[in-house]
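Q: I'd like to ask some things about the structure below.
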Amino acid sequence: MYLGVDYYPEQWPKSRWPEDVRLMKELGVNVVRMAEYGWHLIEPEEGSYDFSVLDEIIDRLTENGMKIVLGTPTAAPPSWMVQNYPDILPTDRDGHSISFGGRRHYTVNSATFQRFTEKVVRKLAEKYGNHPNIIGWQIDNEFGHEKSDRSYGNEDHTAFLFWLQNRYESLDAVNEAWGTAFWGQTYTDWKQIPLPLNVYQQHNPGLLLDFDRFCADGYTDYSKLQADLLRGNTSGHQFITHNFVFNEQAINQRDIAENLDFVSYGNYPVWGSSTEPATPAAIALQHDICRSTKDEKGFWVMEEITGAQGWNHTGYLPRPGQIRLWTYQAIARGAEAILYFQWRSSRFGTEQFSQGILGHDGKPKRKFEEVKETIAALNTFGDDWIASEYIPEVGMYYEVENAWAWSIQPQSKAFDYKQELHRFYYGAYHLNSTTCIISPESSLDGLKVVIVPIYFLTDSAFTEKLKKFAADGGTVILSYRSGVKEPNNALTELTLPGELAELAGINVDEFEALQPGQQTRVRGTTGNIKDVLSPATVWCDVIKCVSADVIGVYRDAYYEGEPAITRNRYGKGVVYYIGTAVEEYFLMRLYKDIFKEAGVKMLELPDDVEMVLRTDAGGRKYLCLLNHSTTASHRLTLPKGDWKDVMTGDIFNGMVRLPSLGSYVLLQ
């Protein structure tokens, strides 16, 4: 198993390098990622290439038995390029050019920047493409991060018009798709179509969504440009990946992943001035999204947090045991390699307060020892663990274009797309069912329940897939604001939930967006939710049942007593519709009934405790137990049989005590 660090040797004097490498070796590191911001080293002036710094550190790492992942350095174009070719810079929505001085200061639509990219990537590949100790390449770093996903300059405009012409072929088709008769926006010349710069009100939703698609396609093409150059100039033993950020920026990670061997991402449960980490369920959801990006293929955590993180503000310091716990959580959910960010806290620059394994003084302390112990533990069983299978039974729908459509028209100030995903994910997570993320392209084979929250922007092919899944005996959970929009971001002409109405067995006659501070209530009428009350926030669909049964009703609203949650028989399966944002505890109780009926394996544990089960080809089971609480220990009832602690050899049967921030991997 690869376990390593992110290293920036260019930030430190060469006299320090031997000590860094000695300590890395003591830590147990077997892989180092570097050079993703090294363009200024490789090409200090235009056309003049110098690999001496890279050669020296690569040789030193190689001599000490460490493998290397090289980053293509395109995330930070050098100062000479910006000075001589300012056309590479991106433009913001106000029409102002973004200055040199940060990172990601380029637009992928710049022909000049693409030309320089081709040269530097080719030079790197020719130089290191057959190096036996360089095992792979990371293309760029964090595409689209920090609002670099969209650019609004002249070259972007030209590229956008070309993209539209390829997509629609005629202006009539554009006008029809966007409904430009509204506000007299009909176009009679391609050049009349604007970029979505700032206006008094808001641009046409169809234009905005297509602009997001255009921006995403630009990054996909740019990634492919680099991937093709690397594949054409490197040996077969070197992989190609990218270190993603999974936010709702205009990046289509699944499309980019088609040209990668696997995907990677940075695991940062805390950031900036946060006083507490993200919830364990939120971290798990990020891992599931990452694993799904290449259809359940294992991923790398290219940046695993080791200390408090932040730029101008820094907050929560990971507690003793938390680095190991977050490492185990990532591996349990599909990570096949962990690289810790970063080796040493920087003395200079924007990320001075993003802590590393070593502090600014470069001395090994508590965090060093914790990472060292974690690596030693994983070296005893990690390869067998990552070779075992994670077999999901519950799929949850996540599609980035749906997220873009929501960001364009959220409708309620209380609405946050990722927050709503968490709402519907939590119950499955808390019940320790095996979960995965599905997209329109995903197979639903093997799943027992599919959760489709806020399916706002519909995909006809996926809708048909859902219908077949339910008809064949599967269980589908739909939520409010489903079936609302067609792929062109226009409202359906059908009574809501549109194409899903027959599947859900309901009509939505009216609806109400609830703003922050507004709420009504829902009362369950059957099963685990019978007579249980929950606040209802964000949104309320007023439902009329056609073939569905009512299992929850509204309270405290003019539509009191009207259906809020329904259950419909569809073929051999069952379809639930949840018409409002109920609280997580209520959803979890509902999920217990749904999962039991669907045959989903579940085990309810204390809120802070997570359990992930994996099985290898020989039938051996790996049970990862994680206590995310920083204060409370828990006594847990294990699944039946003898369970062996893979580290100590201790055998557990029946009960196990899990201390605060404790993490076990047990084998049966």
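Ordering of the structure tokens sets the chain letters (A, B, ...); residue numbers start at 1 within each chain; ligands are numbered from 1 in the order shown.
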Would you please give, as number ranges by chain, all residues of region 208-430 of chain A that DSSP assigns to alpha helix (DSSP H) based on the backbone?
A: A: 208-233, 253-257, 280-292, 322-332, 366-387, 400-408, 417-430
Q: May I have the residues within 7 Å of region 569-580 of chain A as a ChimeraX atom specification, using only C-alpha atoms and disregarding those fewer than 5 positions away in the same chain?
A: /A:470-480,503-504,536-537,539-541,564
Q: Please identify all polymer residues within 10 Å of Ile98 (chain A), counting only C-alpha atoms, omitting same-chain residues fewer than 5 positions from it, and present them as a PyMOL selection string.
A: chain A and resi 86+88-92+104-106+148+151
Q: Restricting the output to N, CA and C atoms, write the selected residues as a compact mmCIF listing (two decimals), in the first residue's frame.
A:
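Resulting contents of result20.txt:
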# COMPACT_ATOMS: atom_id res chain seq x y z
N PRO A 86 -0.30 38.29 -21.01
CA PRO A 86 -1.41 38.51 -20.06
C PRO A 86 -2.74 37.95 -20.54
N ILE A 88 -3.44 35.02 -21.00
CA ILE A 88 -3.72 33.72 -20.37
C ILE A 88 -4.57 33.89 -19.11
N LEU A 89 -4.63 35.11 -18.58
CA LEU A 89 -5.31 35.33 -17.30
C LEU A 89 -6.82 35.19 -17.44
N PRO A 90 -7.48 34.67 -16.42
CA PRO A 90 -8.95 34.59 -16.44
C PRO A 90 -9.56 35.97 -16.17
N THR A 91 -10.87 36.06 -16.45
CA THR A 91 -11.63 37.29 -16.26
C THR A 91 -12.82 37.01 -15.38
N ASP A 92 -13.10 37.91 -14.42
CA ASP A 92 -14.23 37.68 -13.52
C ASP A 92 -15.53 38.20 -14.13
N ARG A 104 -3.85 29.15 -9.95
CA ARG A 104 -4.93 28.88 -10.89
C ARG A 104 -5.29 30.11 -11.71
N HIS A 105 -4.29 30.96 -12.00
CA HIS A 105 -4.51 32.20 -12.74
C HIS A 105 -4.35 31.96 -14.25
N TYR A 106 -5.26 31.18 -14.78
CA TYR A 106 -5.30 30.96 -16.23
C TYR A 106 -6.71 30.62 -16.64
N SER A 148 -12.04 29.40 -9.80
CA SER A 148 -11.29 29.42 -11.07
C SER A 148 -11.97 28.59 -12.15
N SER A 151 -14.54 31.60 -16.44
CA SER A 151 -13.83 32.80 -16.90
C SER A 151 -14.69 33.49 -17.95
Q: Would you list the contacts of region 212-229 of chain A as a PyMOL selection string, taking every protein, DNA or RNA residue within 6 Å and counting only C-alpha atoms, but skipping same-chain residues closer than 3 positions in sequence?
A: chain A and resi 150+209+232+250-252+256
Q: Could you make a table, as CSV, of the residues of region 540-612 of chain A that have an atom within 12 Å of an atom of region 378-392 of chain A, each with its nearest atom pair and distance in Å to one decimal, counting only C-alpha atoms, in chain and number order?
A:
residue,atom,partner,partner_atom,distance
A:Val600,CA,A:Pro392,CA,9.6
A:Lys601,CA,A:Pro392,CA,10.1
A:Met602,CA,A:Pro392,CA,11.8
A:Val612,CA,A:Tyr390,CA,8.5
Q: Hey, what's within 9 Å of Pro78 (chain A) if we count only C-alpha atoms and toss same-chain stuff fewer than 3 positions away? As a PyMOL selection string, please?
A: chain A and resi 38-40+43-45+81-83+100
Q: Considering only C-alpha atoms, return as a PDB file with C-alpha atoms, in the first residue's frame whatever protein or nucleic-acid residues lie within 9 Å of Ala403 (chain A), sequence-local ones (same chain, fewer than 5 positions apart) excluded.
A:
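Dumped everything to out-v2.pdb:
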ATOM      1  CA  GLU A 248     -20.386  22.265  -7.094  1.00  0.00           C
ATOM      2  CA  GLN A 249     -18.052  24.305  -9.304  1.00  0.00           C
ATOM      3  CA  TYR A 398     -25.753  12.997  -7.095  1.00  0.00           C
ATOM      4  CA  ILE A 408     -28.798  29.167 -10.483  1.00  0.00           C
ATOM      5  CA  TYR A 417     -27.599  21.645  -2.226  1.00  0.00           C
ATOM      6  CA  LYS A 418     -24.899  19.814  -0.266  1.00  0.00           C
ATOM      7  CA  PHE A 456     -34.644  18.971  -9.913  1.00  0.00           C
ATOM      8  CA  LEU A 457     -33.012  18.778 -13.349  1.00  0.00           C
TER       9      LEU A 457
END
Q: Have a look at A:Leu207, A:Leu431, A:Val508, A:Val452 and name the one nearest to Arg589 (chain A); count only C-alpha atoms.
A: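 Among the listed residues, A:Leu431 lies closest to Arg589 (chain A).
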Q: Could you pull out the strand (DSSP E) residues of region 295-365 of chain A from DSSP and send them as a tab-separated table (two decimals) with C-alpha atoms, in the first residue's frame?
A:
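Output saved as out06.tsv:
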chain	number	residue	atom	x	y	z
A	299	PHE	CA	-9.21	6.29	-5.25
A	300	TRP	CA	-6.19	8.01	-3.71
A	301	VAL	CA	-6.34	10.59	-0.96
A	302	MET	CA	-3.62	12.84	-2.37
A	303	GLU	CA	-3.90	15.27	0.55
A	304	GLU	CA	-4.87	13.89	3.97
A	305	ILE	CA	-5.09	16.46	6.73
A	335	ALA	CA	-9.03	4.88	-0.62
A	336	GLU	CA	-6.12	2.76	-1.83
A	337	ALA	CA	-3.31	5.19	-0.95
A	338	ILE	CA	-2.89	8.01	1.56
A	339	LEU	CA	-0.53	10.96	1.20
A	340	TYR	CA	-0.42	13.32	4.17
A	341	PHE	CA	-0.56	17.07	3.63
Q: Given the choices A:Gln201, A:Thr306, A:Thr241, A:Ser15, which gets closest to Gly356 (chain A) if the distance is worked out from only C-alpha atoms?
A: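 Result for the nearest residue to Gly356 (chain A): A:Thr306.
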